[in-house]
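So this one's coords_19.cif, mmCIF, C-alpha atoms:
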```
data_protein
loop_
_atom_site.label_atom_id
_atom_site.label_comp_id
_atom_site.auth_asym_id
_atom_site.auth_seq_id
_atom_site.Cartn_x
_atom_site.Cartn_y
_atom_site.Cartn_z
CA MET R 2 33.42 -69.20 -32.35
CA SER R 3 35.52 -70.65 -29.58
CA ASN R 4 34.30 -70.76 -26.00
CA ARG R 5 37.28 -68.66 -24.97
CA LEU R 6 36.40 -65.87 -27.36
CA VAL R 7 32.83 -65.86 -26.12
CA ALA R 8 34.08 -65.77 -22.55
CA ILE R 9 36.14 -62.66 -23.34
CA ARG R 10 33.43 -60.85 -25.28
CA ILE R 11 30.57 -61.25 -22.84
CA PRO R 12 32.33 -59.45 -19.98
CA LEU R 13 33.41 -56.73 -22.43
CA ILE R 14 29.83 -56.13 -23.52
CA LEU R 15 28.57 -56.14 -19.95
CA ALA R 16 31.32 -53.74 -18.90
CA ALA R 17 30.39 -51.40 -21.74
CA ALA R 18 26.75 -51.52 -20.75
CA MET R 19 27.62 -50.89 -17.13
CA LEU R 20 29.93 -48.04 -18.01
CA GLY R 21 26.83 -46.35 -19.08
CA SER R 22 25.06 -44.97 -21.85
CA GLY R 23 26.86 -42.00 -23.26
CA CYS R 24 27.37 -38.64 -21.61
CA ILE R 25 24.52 -36.37 -20.58
CA THR R 26 24.62 -32.87 -19.16
CA SER R 27 21.49 -31.08 -18.07
CA THR R 28 20.46 -27.66 -16.86
CA VAL R 29 17.07 -26.85 -15.38
CA MET R 30 15.83 -23.42 -14.39
CA ASP R 31 12.60 -21.88 -13.26
CA ALA R 32 11.27 -18.37 -12.92
CA ARG R 33 8.25 -17.84 -10.71
CA THR R 34 5.94 -14.88 -11.21
CA SER R 35 3.15 -15.83 -8.78
CA ASN R 36 2.37 -18.25 -6.00
CA THR R 37 1.23 -21.73 -6.88
CA GLY R 38 -0.29 -24.72 -5.12
CA ILE R 39 -2.85 -27.33 -6.05
CA SER R 40 -5.59 -29.11 -4.14
CA ALA R 41 -6.65 -32.73 -4.46
CA ASP R 42 -9.69 -31.88 -6.58
CA GLU R 43 -7.74 -29.76 -9.06
CA SER R 44 -5.96 -30.99 -12.15
CA ILE R 45 -3.46 -29.92 -14.77
CA VAL R 46 -3.19 -30.23 -18.55
CA ILE R 47 -0.03 -30.52 -20.62
CA MET R 48 -0.26 -28.86 -24.02
CA ALA R 49 2.19 -28.21 -26.84
CA LYS R 50 2.47 -24.70 -28.19
CA SER R 51 0.99 -24.46 -31.65
CA TYR R 52 2.75 -25.86 -34.69
CA HIS R 53 1.23 -22.90 -36.51
CA LEU R 54 3.87 -20.92 -34.62
CA GLY R 55 6.67 -23.27 -35.64
CA ASN R 56 6.78 -25.36 -32.49
CA GLU R 57 7.68 -29.03 -32.93
CA THR R 58 7.27 -30.55 -29.49
CA GLU R 59 6.94 -34.28 -29.97
CA ARG R 60 3.72 -36.04 -28.92
CA LYS R 61 5.69 -38.74 -27.16
CA TYR R 62 7.41 -36.05 -25.09
CA ILE R 63 4.04 -34.64 -24.03
CA ARG R 64 2.88 -38.13 -23.07
CA CYS R 65 6.10 -38.68 -21.13
CA ILE R 66 5.58 -35.48 -19.12
CA GLU R 67 1.93 -36.44 -18.51
CA ASP R 68 2.97 -39.89 -17.29
CA ARG R 69 5.68 -38.62 -14.97
CA LEU R 70 3.56 -35.87 -13.43
CA GLY R 71 0.69 -38.26 -12.81
CA ARG R 72 2.81 -41.10 -11.45
CA GLY R 73 3.06 -42.26 -7.85
CA ARG R 74 1.49 -41.25 -4.56
CA GLU R 75 2.52 -37.62 -5.02
CA GLY R 76 1.25 -37.62 -8.58
CA LEU R 77 -0.94 -34.78 -9.81
CA ASN R 78 -4.30 -35.22 -11.53
CA VAL R 79 -3.37 -34.94 -15.19
CA ILE R 80 -6.10 -34.56 -17.80
CA PRO R 81 -4.92 -36.12 -21.10
CA HIS R 82 -4.39 -33.26 -23.53
CA ASP R 83 -6.44 -34.88 -26.32
CA GLN R 84 -9.42 -35.18 -23.99
CA PHE R 85 -9.05 -31.56 -22.88
CA VAL R 86 -8.71 -30.22 -26.43
CA ASP R 87 -11.75 -32.21 -27.60
CA SER R 88 -13.86 -31.04 -24.67
CA LEU R 89 -13.09 -27.42 -25.55
CA PHE R 90 -13.25 -27.69 -29.33
CA PRO R 91 -12.47 -25.44 -31.16
CA TRP R 92 -10.81 -23.11 -28.64
CA PHE R 93 -7.58 -25.04 -28.00
CA GLU R 94 -6.79 -26.03 -31.58
CA PRO R 95 -3.35 -25.07 -32.96
CA ARG R 96 -4.98 -22.14 -34.78
CA THR R 97 -7.21 -20.89 -31.98
CA ALA R 98 -5.43 -21.62 -28.71
CA PRO R 99 -4.66 -18.52 -26.65
CA ALA R 100 -1.07 -17.38 -27.11
CA GLU R 101 -0.95 -15.09 -24.07
CA THR R 102 -2.59 -15.05 -20.67
CA LYS R 103 -4.22 -11.72 -21.46
CA ASN R 104 -6.47 -13.62 -23.89
CA LEU R 105 -7.72 -15.95 -21.15
CA ALA R 106 -10.45 -13.67 -19.83
CA LYS R 107 -12.01 -13.34 -23.28
CA LEU R 108 -11.74 -17.11 -23.78
CA MET R 109 -13.48 -17.81 -20.48
CA ASP R 110 -16.39 -15.62 -21.58
CA ARG R 111 -17.09 -17.81 -24.61
CA PRO R 112 -20.13 -20.07 -24.29
CA GLY R 113 -19.40 -23.25 -22.36
CA VAL R 114 -15.65 -22.72 -21.95
CA ALA R 115 -15.54 -21.88 -18.24
CA ASP R 116 -18.00 -24.70 -17.47
CA ALA R 117 -15.98 -27.27 -19.45
CA ILE R 118 -12.79 -26.24 -17.65
CA ALA R 119 -14.49 -26.27 -14.25
CA ALA R 120 -16.05 -29.68 -14.91
CA GLN R 121 -12.56 -31.15 -15.32
CA GLY R 122 -11.13 -29.20 -12.39
CA VAL R 123 -8.34 -27.80 -14.49
CA ARG R 124 -6.28 -25.33 -12.46
CA TYR R 125 -3.10 -25.13 -14.54
CA ILE R 126 -2.26 -25.40 -18.21
CA ILE R 127 1.38 -26.16 -18.93
CA TRP R 128 2.45 -25.10 -22.40
CA LEU R 129 5.47 -26.93 -23.75
CA ASP R 130 7.74 -25.45 -26.35
CA GLY R 131 10.89 -27.02 -27.82
CA ASP R 132 12.14 -30.28 -29.22
CA THR R 133 15.03 -32.73 -29.42
CA ASP R 134 17.45 -32.33 -32.30
CA ARG R 135 20.55 -34.11 -33.47
CA VAL R 136 23.13 -31.33 -33.55
CA ALA R 137 26.40 -33.08 -34.35
CA GLY R 138 27.85 -36.43 -35.25
CA GLY R 139 30.93 -38.06 -36.68
CA GLY R 140 33.24 -41.04 -36.86
CA SER R 141 33.20 -43.98 -39.16
CA LEU R 142 31.86 -47.45 -38.75
CA SER R 143 31.73 -50.17 -41.33
CA CYS R 144 30.44 -53.69 -41.32
CA ALA R 145 31.12 -56.62 -43.61
CA ALA R 146 29.89 -60.19 -43.90
CA GLY R 147 31.32 -63.19 -45.67
CA PRO R 148 30.92 -66.95 -45.78
CA GLY R 149 32.99 -67.33 -42.63
CA GLY R 150 31.09 -64.70 -40.64
CA GLY R 151 30.88 -60.96 -40.34
CA GLY R 152 31.72 -58.06 -38.16
CA CYS R 153 32.01 -54.33 -37.74
CA PHE R 154 34.91 -52.03 -37.10
CA GLY R 155 35.11 -48.36 -36.31
CA PHE R 156 33.73 -45.71 -34.06
CA ALA R 157 30.71 -43.40 -34.43
CA TRP R 158 29.28 -40.72 -32.21
CA TRP R 159 26.41 -38.25 -32.27
CA GLN R 160 25.09 -35.51 -30.08
CA LYS R 161 21.46 -34.61 -29.39
CA ASP R 162 20.19 -31.49 -27.66
CA ALA R 163 16.80 -31.44 -25.96
CA ASP R 164 15.69 -27.92 -25.12
CA TYR R 165 12.21 -27.51 -23.66
CA ASP R 166 10.43 -24.60 -22.01
CA ALA R 167 7.24 -24.89 -20.02
CA SER R 168 4.95 -21.95 -19.29
CA ILE R 169 2.55 -22.49 -16.41
CA TRP R 170 -0.80 -20.69 -16.65
CA ASP R 171 -3.08 -20.45 -13.67
CA LEU R 172 -6.68 -20.70 -14.90
CA ARG R 173 -8.13 -19.65 -11.55
CA GLU R 174 -6.20 -16.39 -11.39
CA LEU R 175 -6.02 -16.03 -15.20
CA GLU R 176 -2.33 -15.24 -15.07
CA SER R 177 1.06 -16.77 -15.72
CA SER R 178 2.64 -18.49 -12.74
CA GLY R 179 6.08 -18.69 -14.31
CA THR R 180 8.29 -20.81 -16.52
CA VAL R 181 10.46 -23.87 -16.18
CA SER R 182 13.10 -24.84 -18.73
CA ALA R 183 15.28 -27.89 -19.24
CA ASP R 184 18.30 -27.96 -21.51
CA VAL R 185 19.81 -31.41 -21.90
CA SER R 186 22.70 -32.40 -24.13
CA GLY R 187 23.62 -36.02 -24.69
CA THR R 188 26.41 -37.64 -26.66
CA SER R 189 26.10 -41.24 -27.76
CA PHE R 190 28.98 -43.49 -28.82
CA MET R 191 29.20 -46.65 -30.80
CA PRO R 192 32.59 -48.34 -30.87
CA ALA R 193 32.73 -51.53 -32.90
CA LEU R 194 35.31 -54.23 -32.67
CA VAL R 195 33.62 -57.09 -34.48
CA ILE R 196 30.44 -56.34 -32.48
CA PRO R 197 29.09 -52.77 -32.29
CA ILE R 198 28.60 -51.68 -28.69
CA PRO R 199 26.08 -48.86 -28.54
CA MET R 200 26.32 -46.47 -25.62
CA ILE R 201 23.19 -44.43 -26.12
CA ALA R 202 22.53 -41.20 -24.28
CA ARG R 203 18.77 -41.06 -23.65
CA THR R 204 18.66 -37.31 -24.03
CA GLN R 205 14.93 -36.83 -24.46
CA ALA R 206 14.07 -39.21 -21.62
CA ARG R 207 16.38 -37.26 -19.32
CA ALA R 208 14.82 -33.99 -20.47
CA CYS R 209 11.40 -35.44 -19.66
CA LYS R 210 12.40 -36.57 -16.17
CA THR R 211 14.22 -33.33 -15.38
CA LEU R 212 11.42 -31.06 -16.56
CA ALA R 213 8.64 -33.15 -15.00
CA ASP R 214 10.34 -33.24 -11.60
CA GLN R 215 10.89 -29.50 -11.65
CA LEU R 216 7.33 -28.84 -12.81
CA HIS R 217 5.97 -30.98 -10.00
CA ASN R 218 7.95 -29.00 -7.43
CA PHE R 219 6.98 -25.73 -9.05
CA ILE R 220 3.25 -26.45 -8.92
CA VAL R 221 3.03 -28.19 -5.58
CA GLN R 222 5.26 -25.81 -3.69
CA ASP R 223 3.22 -22.88 -2.43
CA GLU R 224 5.73 -20.17 -1.68
CA SER R 225 3.13 -18.06 0.03
CA ALA R 226 2.79 -20.72 2.72
CA MET E 9 11.25 -75.10 -45.47
CA ASN E 10 9.41 -76.42 -48.50
CA SER E 11 8.90 -74.29 -51.59
CA PRO E 12 5.26 -73.12 -51.11
CA LYS E 13 5.98 -72.14 -47.52
CA ARG E 14 9.10 -70.28 -48.57
CA THR E 15 7.17 -68.45 -51.28
CA LEU E 16 4.49 -67.51 -48.76
CA VAL E 17 7.05 -66.19 -46.25
CA PHE E 18 8.90 -64.16 -48.88
CA GLY E 19 5.58 -62.87 -50.24
CA LEU E 20 4.50 -61.72 -46.80
CA LEU E 21 7.87 -60.08 -46.18
CA ALA E 22 7.75 -58.29 -49.53
CA SER E 23 4.20 -57.08 -49.00
CA GLY E 24 5.13 -55.93 -45.52
CA LEU E 25 8.05 -53.94 -46.88
CA LEU E 26 5.91 -52.41 -49.60
CA ALA E 27 3.19 -51.49 -47.11
CA GLY E 28 5.85 -49.81 -45.00
CA CYS E 29 6.63 -47.45 -47.88
CA GLY E 30 3.22 -45.87 -47.31
CA GLY E 31 2.57 -44.84 -50.93
CA ASN E 32 -1.17 -45.51 -50.61
CA VAL E 33 -3.12 -43.87 -47.86
CA THR E 34 -6.81 -44.33 -47.19
CA LEU E 35 -8.41 -41.90 -44.78
CA LYS E 36 -11.27 -42.80 -42.51
CA ALA E 37 -13.95 -40.13 -42.23
CA PRO E 38 -12.91 -37.83 -39.38
CA THR E 39 -15.08 -37.10 -36.38
CA ILE E 40 -15.01 -33.59 -35.03
CA PRO E 41 -15.90 -33.07 -31.38
CA GLU E 42 -19.08 -31.23 -30.46
CA PRO E 43 -17.99 -27.59 -30.49
CA LEU E 44 -18.65 -25.00 -27.82
CA LEU E 45 -20.51 -22.40 -29.83
CA GLU E 46 -23.76 -20.52 -30.13
CA GLN E 47 -25.73 -22.26 -32.83
CA ILE E 48 -27.14 -19.96 -35.49
CA ASP E 49 -30.91 -20.33 -35.56
CA MET E 50 -31.56 -20.69 -39.26
CA SER E 51 -32.24 -23.29 -41.88
CA VAL E 52 -29.50 -23.96 -44.41
CA GLY E 53 -29.19 -26.23 -47.37
CA VAL E 54 -25.83 -27.78 -48.20
CA ARG E 55 -24.91 -28.84 -51.70
CA MET E 56 -21.85 -31.10 -51.69
CA PRO E 57 -19.79 -31.39 -54.86
CA GLU E 58 -19.56 -34.81 -56.43
CA ASN E 59 -15.89 -35.28 -55.53
CA PHE E 60 -16.61 -34.89 -51.80
CA GLU E 61 -18.03 -38.40 -51.88
CA HIS E 62 -14.76 -39.87 -53.15
CA PHE E 63 -11.76 -37.58 -53.28
CA VAL E 64 -8.41 -39.05 -54.31
CA HIS E 65 -5.20 -37.04 -54.49
CA GLU E 66 -2.37 -38.55 -56.51
CA GLU E 67 1.10 -37.12 -56.66
CA GLU E 68 4.48 -38.29 -57.79
CA ILE E 69 7.33 -36.76 -55.87
CA TYR E 70 10.37 -36.27 -58.08
CA GLY E 71 13.13 -38.68 -57.13
CA SER E 72 10.92 -40.41 -54.63
CA GLN E 73 7.78 -42.51 -54.53
CA SER E 74 4.29 -41.91 -55.84
CA TRP E 75 1.52 -41.21 -53.39
CA SER E 76 -2.18 -41.91 -53.63
CA ILE E 77 -4.22 -40.39 -50.83
CA ASP E 78 -7.81 -41.55 -50.77
CA LEU E 79 -9.89 -39.21 -48.63
CA GLY E 80 -13.03 -41.20 -49.41
CA ARG E 81 -16.04 -39.20 -48.25
CA SER E 82 -14.07 -37.49 -45.46
CA ASN E 83 -14.83 -34.02 -46.84
CA ALA E 84 -18.56 -34.71 -47.02
CA ALA E 85 -18.53 -36.13 -43.49
CA LEU E 86 -16.60 -33.11 -42.19
CA PHE E 87 -19.02 -30.55 -43.59
CA GLU E 88 -22.11 -32.55 -42.63
CA GLN E 89 -20.96 -32.68 -39.01
CA LEU E 90 -19.75 -29.10 -38.95
CA PHE E 91 -22.90 -27.52 -40.34
CA ALA E 92 -25.14 -29.72 -38.16
CA TYR E 93 -23.37 -28.19 -35.15
CA MET E 94 -23.37 -24.64 -36.51
CA PHE E 95 -26.96 -24.29 -37.70
CA SER E 96 -30.26 -25.26 -36.13
CA ARG E 97 -31.58 -26.91 -39.29
CA VAL E 98 -29.51 -28.43 -42.08
CA VAL E 99 -30.68 -30.11 -45.27
CA VAL E 100 -28.10 -31.89 -47.40
CA LEU E 101 -29.25 -31.66 -50.98
CA ALA E 102 -29.28 -34.71 -53.19
CA PRO E 103 -27.82 -34.26 -56.70
CA GLY E 104 -31.19 -33.60 -58.33
CA ASP E 105 -32.63 -31.33 -55.63
CA ASP E 106 -33.58 -27.78 -56.46
CA PRO E 107 -32.68 -25.54 -53.49
CA GLN E 108 -35.27 -22.99 -54.52
CA LEU E 109 -38.00 -25.52 -53.78
CA MET E 110 -36.81 -25.93 -50.21
CA PRO E 111 -37.65 -23.89 -47.13
CA ILE E 112 -34.09 -22.74 -46.46
CA ASP E 113 -32.63 -19.38 -45.42
CA ALA E 114 -29.35 -19.93 -47.26
CA LEU E 115 -27.56 -22.41 -49.46
CA ILE E 116 -23.95 -23.34 -48.66
CA GLU E 117 -21.77 -24.90 -51.31
CA PRO E 118 -18.37 -26.09 -50.08
CA SER E 119 -15.73 -27.26 -52.53
CA ILE E 120 -12.06 -28.12 -52.51
CA ASP E 121 -9.61 -25.91 -54.42
CA ALA E 122 -6.39 -27.72 -53.59
CA PHE E 123 -4.88 -30.52 -51.56
CA GLU E 124 -1.13 -30.46 -50.96
CA PHE E 125 1.23 -32.29 -48.68
CA SER E 126 4.91 -32.50 -47.84
CA THR E 127 6.93 -35.50 -46.71
CA PRO E 128 9.70 -35.49 -44.10
CA GLU E 129 12.27 -35.79 -46.89
CA GLN E 130 10.94 -32.66 -48.57
CA SER E 131 10.68 -30.55 -45.44
CA ASN E 132 13.82 -31.95 -43.80
CA THR E 133 11.86 -32.54 -40.62
CA GLU E 134 10.30 -35.62 -39.03
CA ALA E 135 6.78 -34.55 -39.93
CA PHE E 136 4.19 -34.82 -42.67
CA ALA E 137 2.25 -31.64 -43.39
CA VAL E 138 -1.05 -31.29 -45.25
CA TRP E 139 -2.61 -28.13 -46.66
CA ILE E 140 -6.21 -28.11 -47.82
CA ARG E 141 -7.79 -25.12 -49.49
CA TYR E 142 -11.56 -25.26 -49.34
CA ARG E 143 -13.94 -22.74 -50.84
CA VAL E 144 -17.27 -22.00 -49.25
CA LYS E 145 -19.94 -20.23 -51.25
CA VAL E 146 -23.09 -18.91 -49.62
CA TYR E 147 -26.22 -18.11 -51.59
CA ASP E 148 -29.35 -16.33 -50.40
CA PRO E 149 -32.81 -17.93 -50.90
CA GLU E 150 -33.07 -16.29 -54.30
CA GLY E 151 -29.90 -18.00 -55.43
CA LYS E 152 -27.71 -14.91 -55.37
CA LEU E 153 -24.12 -15.48 -54.30
CA VAL E 154 -23.53 -13.47 -51.13
CA SER E 155 -20.12 -14.79 -50.10
CA ASN E 156 -17.24 -16.68 -51.66
CA TRP E 157 -14.77 -17.57 -48.92
CA PRO E 158 -11.47 -19.42 -49.45
CA VAL E 159 -10.59 -21.41 -46.32
CA ALA E 160 -6.95 -22.46 -45.97
CA ALA E 161 -6.26 -25.22 -43.44
CA TYR E 162 -3.05 -26.83 -42.24
CA GLY E 163 -2.21 -29.99 -40.35
CA LYS E 164 1.08 -31.48 -39.28
CA SER E 165 1.96 -34.83 -37.73
CA GLN E 166 5.25 -36.39 -36.79
CA THR E 167 6.27 -39.76 -38.13
CA THR E 168 5.84 -42.61 -35.71
CA MET E 169 6.79 -46.23 -35.41
CA LEU E 170 3.41 -46.98 -36.98
CA GLY E 171 4.69 -45.69 -40.31
CA ASP E 172 4.34 -42.89 -42.80
CA SER E 173 0.76 -43.74 -43.71
CA GLU E 174 -0.43 -43.20 -40.15
CA ALA E 175 1.36 -39.84 -39.90
CA LEU E 176 0.00 -38.61 -43.22
CA GLN E 177 -3.54 -39.63 -42.27
CA GLN E 178 -3.18 -37.80 -38.97
CA ALA E 179 -1.89 -34.67 -40.72
CA ALA E 180 -4.90 -34.74 -43.08
CA VAL E 181 -7.35 -35.15 -40.20
CA LEU E 182 -5.67 -32.27 -38.36
CA ALA E 183 -5.96 -30.10 -41.47
CA MET E 184 -9.70 -30.86 -41.67
CA ARG E 185 -10.09 -30.12 -37.98
CA ASP E 186 -8.20 -26.86 -38.53
CA ALA E 187 -10.65 -25.94 -41.29
CA ALA E 188 -13.56 -26.73 -38.98
CA ALA E 189 -12.08 -24.56 -36.21
CA LEU E 190 -11.57 -21.67 -38.61
CA MET E 191 -15.10 -21.91 -39.97
CA ILE E 192 -16.66 -22.09 -36.50
CA MET E 193 -14.71 -18.99 -35.49
CA LYS E 194 -15.17 -16.87 -38.56
CA PHE E 195 -18.04 -18.20 -40.64
CA ASP E 196 -20.59 -15.62 -39.66
CA ASN E 197 -18.11 -12.73 -39.52
CA VAL E 198 -16.90 -13.45 -43.04
CA THR E 199 -20.06 -14.58 -44.79
CA ARG E 200 -22.71 -12.67 -42.74
CA ILE E 201 -24.89 -15.73 -43.16
CA SER E 202 -26.93 -14.97 -40.03
CA SER E 203 -28.29 -11.87 -41.74
CA LEU E 204 -30.15 -14.25 -44.06
CA ALA E 205 -31.96 -15.93 -41.13
CA GLY E 206 -35.71 -15.70 -41.41
CA GLY E 207 -35.61 -15.30 -45.15
CA ALA E 208 -36.58 -18.92 -45.75
CA SER E 209 -38.88 -19.39 -48.64
CA GLN E 210 -42.27 -20.83 -47.69
CA PRO E 211 -43.35 -24.09 -49.24
CA THR E 212 -45.58 -22.32 -51.74
CA SER E 213 -43.43 -19.35 -52.62
CA PRO E 214 -40.49 -21.22 -54.16
CA LEU E 215 -42.81 -22.78 -56.65
CA LEU E 216 -44.13 -19.34 -57.50
CA ARG E 217 -40.65 -17.91 -57.75
CA ARG E 218 -39.57 -20.81 -59.92
CA GLN E 219 -42.47 -20.26 -62.29
CA GLN E 220 -41.67 -16.57 -62.45
CA SER E 221 -38.01 -17.15 -63.15
CA THR E 222 -38.85 -19.71 -65.80
CA GLU E 223 -41.09 -17.21 -67.46
CA ALA E 224 -38.37 -14.61 -67.33
CA GLY E 225 -35.93 -17.11 -68.77
CA GLU E 226 -33.59 -16.68 -65.84
CA GLN E 227 -31.23 -19.28 -64.53
CA ALA E 228 -31.76 -20.48 -60.99
CA ALA E 229 -28.03 -20.87 -60.52
CA ALA E 230 -26.21 -18.01 -58.83
CA PRO E 231 -23.51 -15.96 -60.53
CA GLU E 232 -19.88 -16.74 -59.73
CA GLY E 233 -17.63 -14.46 -57.76
CA ALA E 234 -20.22 -12.04 -56.49
CA THR E 235 -18.27 -11.61 -53.33
CA SER E 236 -14.76 -12.65 -52.50
CA GLU E 237 -13.20 -12.42 -49.04
#
```
I'd like the structure from this file rewritten - as structure tokens, please.
Amino acid sequence: MSNRLVAIRIPLILAAAMLGSGCITSTVMDARTSNTGISADESIVIMAKSYHLGNETERKYIRCIEDRLGRGREGLNVIPHDQFVDSLFPWFEPRTAPAETKNLAKLMDRPGVADAIAAQGVRYIIWLDGDTDRVAGGGSLSCAAGPGGGGCFGFAWWQKDADYDASIWDLRELESSGTVSADVSGTSFMPALVIPIPMIARTQARACKTLADQLHNFIVQDESA
Amino acid sequence: MNSPKRTLVFGLLASGLLAGCGGNVTLKAPTIPEPLLEQIDMSVGVRMPENFEHFVHEEEIYGSQSWSIDLGRSNAALFEQLFAYMFSRVVVLAPGDDPQLMPIDALIEPSIDAFEFSTPEQSNTEAFAVWIRYRVKVYDPEGKLVSNWPVAAYGKSQTTMLGDSEALQQAAVLAMRDAAALMIMKFDNVTRISSLAGGASQPTSPLLRRQQSTEAGEQAAAPEGATSE
């Protein structure tokens, strides 16, 4: 490969990378049903709604939300969901977890449950529902290799939608505080002219950031104040 | 690269690729957390079936690969832990033990009716799912079957970068944990085992009962299907 060709290609690749990473649109909404607020000695737990009910929220998405909510100086105390579920076994298993806030009072009356929750200072449970799906795609891209070298030619694209809802339950008041939802759509492109140049839309990562930021504001902001 | 080195590198690559296919899965015995429950104050005996010590499920999926899932003694470990949490006294019977010679209020006999799983290709999702159907039989101290309870459990785990084997193992562990949760919640409601508390045979009486039953030509084993829930 000549030096001149390399000199042309490198700026092209950098330009493509700088141009970005596909197109992303996002919508975030919340609906508050009661006042919130959290003190320094209180914590939250992020849970996925049960797969017994058909939910498919990814574990890595739960971890992402946990990380983002617990990060930084303004970060909340986040109890890892595995630790919380184990400490309350078997009452937060996919089969047994309460599906509605009206079941919370009965759950709290079970032996050891209220004590285990109090010991961890859990004030809010955030139930996540939703997933990221590939919803469309197209184009054509082919690659070939021979003795003199190889390369790709064509154009491919795909679209992913990440739709997540979060229900916030207040364990002190035994009621729902409201919901937050994030709908993110991202389209990735991969043009190839000898070298494929992927422009990936990080749809799920954006959905994580968007939802976590909104959840943080929702919990911290005490509208009664 | 000389020939032996090349052979070694290709061998490692090939074995790595084969391992990635995940056709053979070996499960470590699961650990269930200490449950929040009111322990039932009674003495139970547990008779594990032989295959609980080494359960292997083999299945060939049409148009795809063959799977061998070795649960080892996971089932035995699950029920040992579960019953130790649920009851105040638990005796695990050895193969030759006669339950009627033991001071127990009830005998529990778990077994496995079916083990099934689905791969992401079959379900058109990114998850492995495992279904386990256990059967739990409860006998009173006289050896009469008082409950025959089918327990259906389900576990699901998404595929990860760690490979199919990891996801399938996780799904199986979740299914066992699901079974444990169901049994903790419903065991007494379904089987009424606590009503047998206090009926433990005394050290002398089982011998007497055994002699009597031998004289009567009766079998110590309980009848099948006395109760089904």
Is there a way to get, as an mmCIF file with C-alpha atoms, in the frame of the given file, all residues within 10 Å of the point (9.3, -16.5, -9.1) in file coordinates, counting only C-alpha atoms?
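Below you can see selection02.cif, which holds the result:
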```cif
data_model
loop_
_atom_site.group_PDB
_atom_site.id
_atom_site.type_symbol
_atom_site.label_atom_id
_atom_site.label_comp_id
_atom_site.auth_asym_id
_atom_site.auth_seq_id
_atom_site.Cartn_x
_atom_site.Cartn_y
_atom_site.Cartn_z
ATOM 1 C CA ASP R 31 12.600 -21.880 -13.260
ATOM 2 C CA ALA R 32 11.270 -18.370 -12.920
ATOM 3 C CA ARG R 33 8.250 -17.840 -10.710
ATOM 4 C CA THR R 34 5.940 -14.880 -11.210
ATOM 5 C CA SER R 35 3.150 -15.830 -8.780
ATOM 6 C CA ASN R 36 2.370 -18.250 -6.000
ATOM 7 C CA THR R 37 1.230 -21.730 -6.880
ATOM 8 C CA SER R 178 2.640 -18.490 -12.740
ATOM 9 C CA GLY R 179 6.080 -18.690 -14.310
ATOM 10 C CA THR R 180 8.290 -20.810 -16.520
ATOM 11 C CA PHE R 219 6.980 -25.730 -9.050
ATOM 12 C CA GLU R 224 5.730 -20.170 -1.680
#
```
| Mind telling me what the PyMOL selection byres ((chain E and resi 153-161) around 10) catches here, as a PyMOL selection string? | (chain R and resi 96) or (chain E and resi 114-123+138-152+162-163+180+182-191+195+198-201+204+229-237)
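Using the PyMOL selection byres ((chain E) within 7 of (chain R)) on this structure selects Pro41, Glu42, Pro43, Leu44, Leu45, Glu46, Asp186 and Ala189 of chain E.
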Would you mind listing what lies within 9 Å of Ile39 of chain R as an mmCIF file with C-alpha atoms, in the frame of the given file, with only C-alpha atoms counted and same-chain residues fewer than 5 positions away left out?
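Writing done, so here's part_38.cif:
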```cif
data_model
loop_
_atom_site.group_PDB
_atom_site.id
_atom_site.type_symbol
_atom_site.label_atom_id
_atom_site.label_comp_id
_atom_site.auth_asym_id
_atom_site.auth_seq_id
_atom_site.Cartn_x
_atom_site.Cartn_y
_atom_site.Cartn_z
ATOM 1 C CA SER R 44 -5.960 -30.990 -12.150
ATOM 2 C CA LEU R 77 -0.940 -34.780 -9.810
ATOM 3 C CA ARG R 124 -6.280 -25.330 -12.460
ATOM 4 C CA TYR R 125 -3.100 -25.130 -14.540
ATOM 5 C CA ILE R 220 3.250 -26.450 -8.920
ATOM 6 C CA VAL R 221 3.030 -28.190 -5.580
ATOM 7 C CA GLN R 222 5.260 -25.810 -3.690
ATOM 8 C CA ASP R 223 3.220 -22.880 -2.430
#
```
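Minimum distance to Asn56 of chain R across R:Ser27, R:Ser22, R:Ser182, R:Thr133 (counting all atoms listed in the file) occurs at R:Thr133.
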| message | Going by the chain IDs and residue numbers used in this file, which residues fall under the PyMOL selection byres ((chain R and resi 136) around 8)? Write them as a VMD selection string. | response | chain R and resid 134 to 135 137 to 138 159 to 162
Please write the residues from the selection above to a file, keeping C-alpha atoms, as a PDB file, in the coordinates of the input.
```pdb
ATOM      1  CA  ASP R 134      17.450 -32.330 -32.300  1.00  0.00           C
ATOM      2  CA  ARG R 135      20.550 -34.110 -33.470  1.00  0.00           C
ATOM      3  CA  ALA R 137      26.400 -33.080 -34.350  1.00  0.00           C
ATOM      4  CA  GLY R 138      27.850 -36.430 -35.250  1.00  0.00           C
ATOM      5  CA  TRP R 159      26.410 -38.250 -32.270  1.00  0.00           C
ATOM      6  CA  GLN R 160      25.090 -35.510 -30.080  1.00  0.00           C
ATOM      7  CA  LYS R 161      21.460 -34.610 -29.390  1.00  0.00           C
ATOM      8  CA  ASP R 162      20.190 -31.490 -27.660  1.00  0.00           C
TER       9      ASP R 162
END
```
| Hey, what's within 9 Å of Leu105 of chain R if we count only C-alpha atoms and toss same-chain stuff fewer than 4 positions away? As a list in words, please? |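 These residues fall inside the cut-off: Pro99, Glu101, Met109, Asp110, Leu172, Leu175 and Glu176 of chain R.
Taking atom CA of Lys164 of chain E and atom CA of Asn197 of chain E as the two end points, the separation is 26.8 Å.
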| query | So how many Å separate atom CA of Pro197 of chain R and atom CA of Cys153 of chain R, to one decimal? | reply |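 Calculated distance between atom CA of Pro197 of chain R and atom CA of Cys153 of chain R is 6.4 Å.
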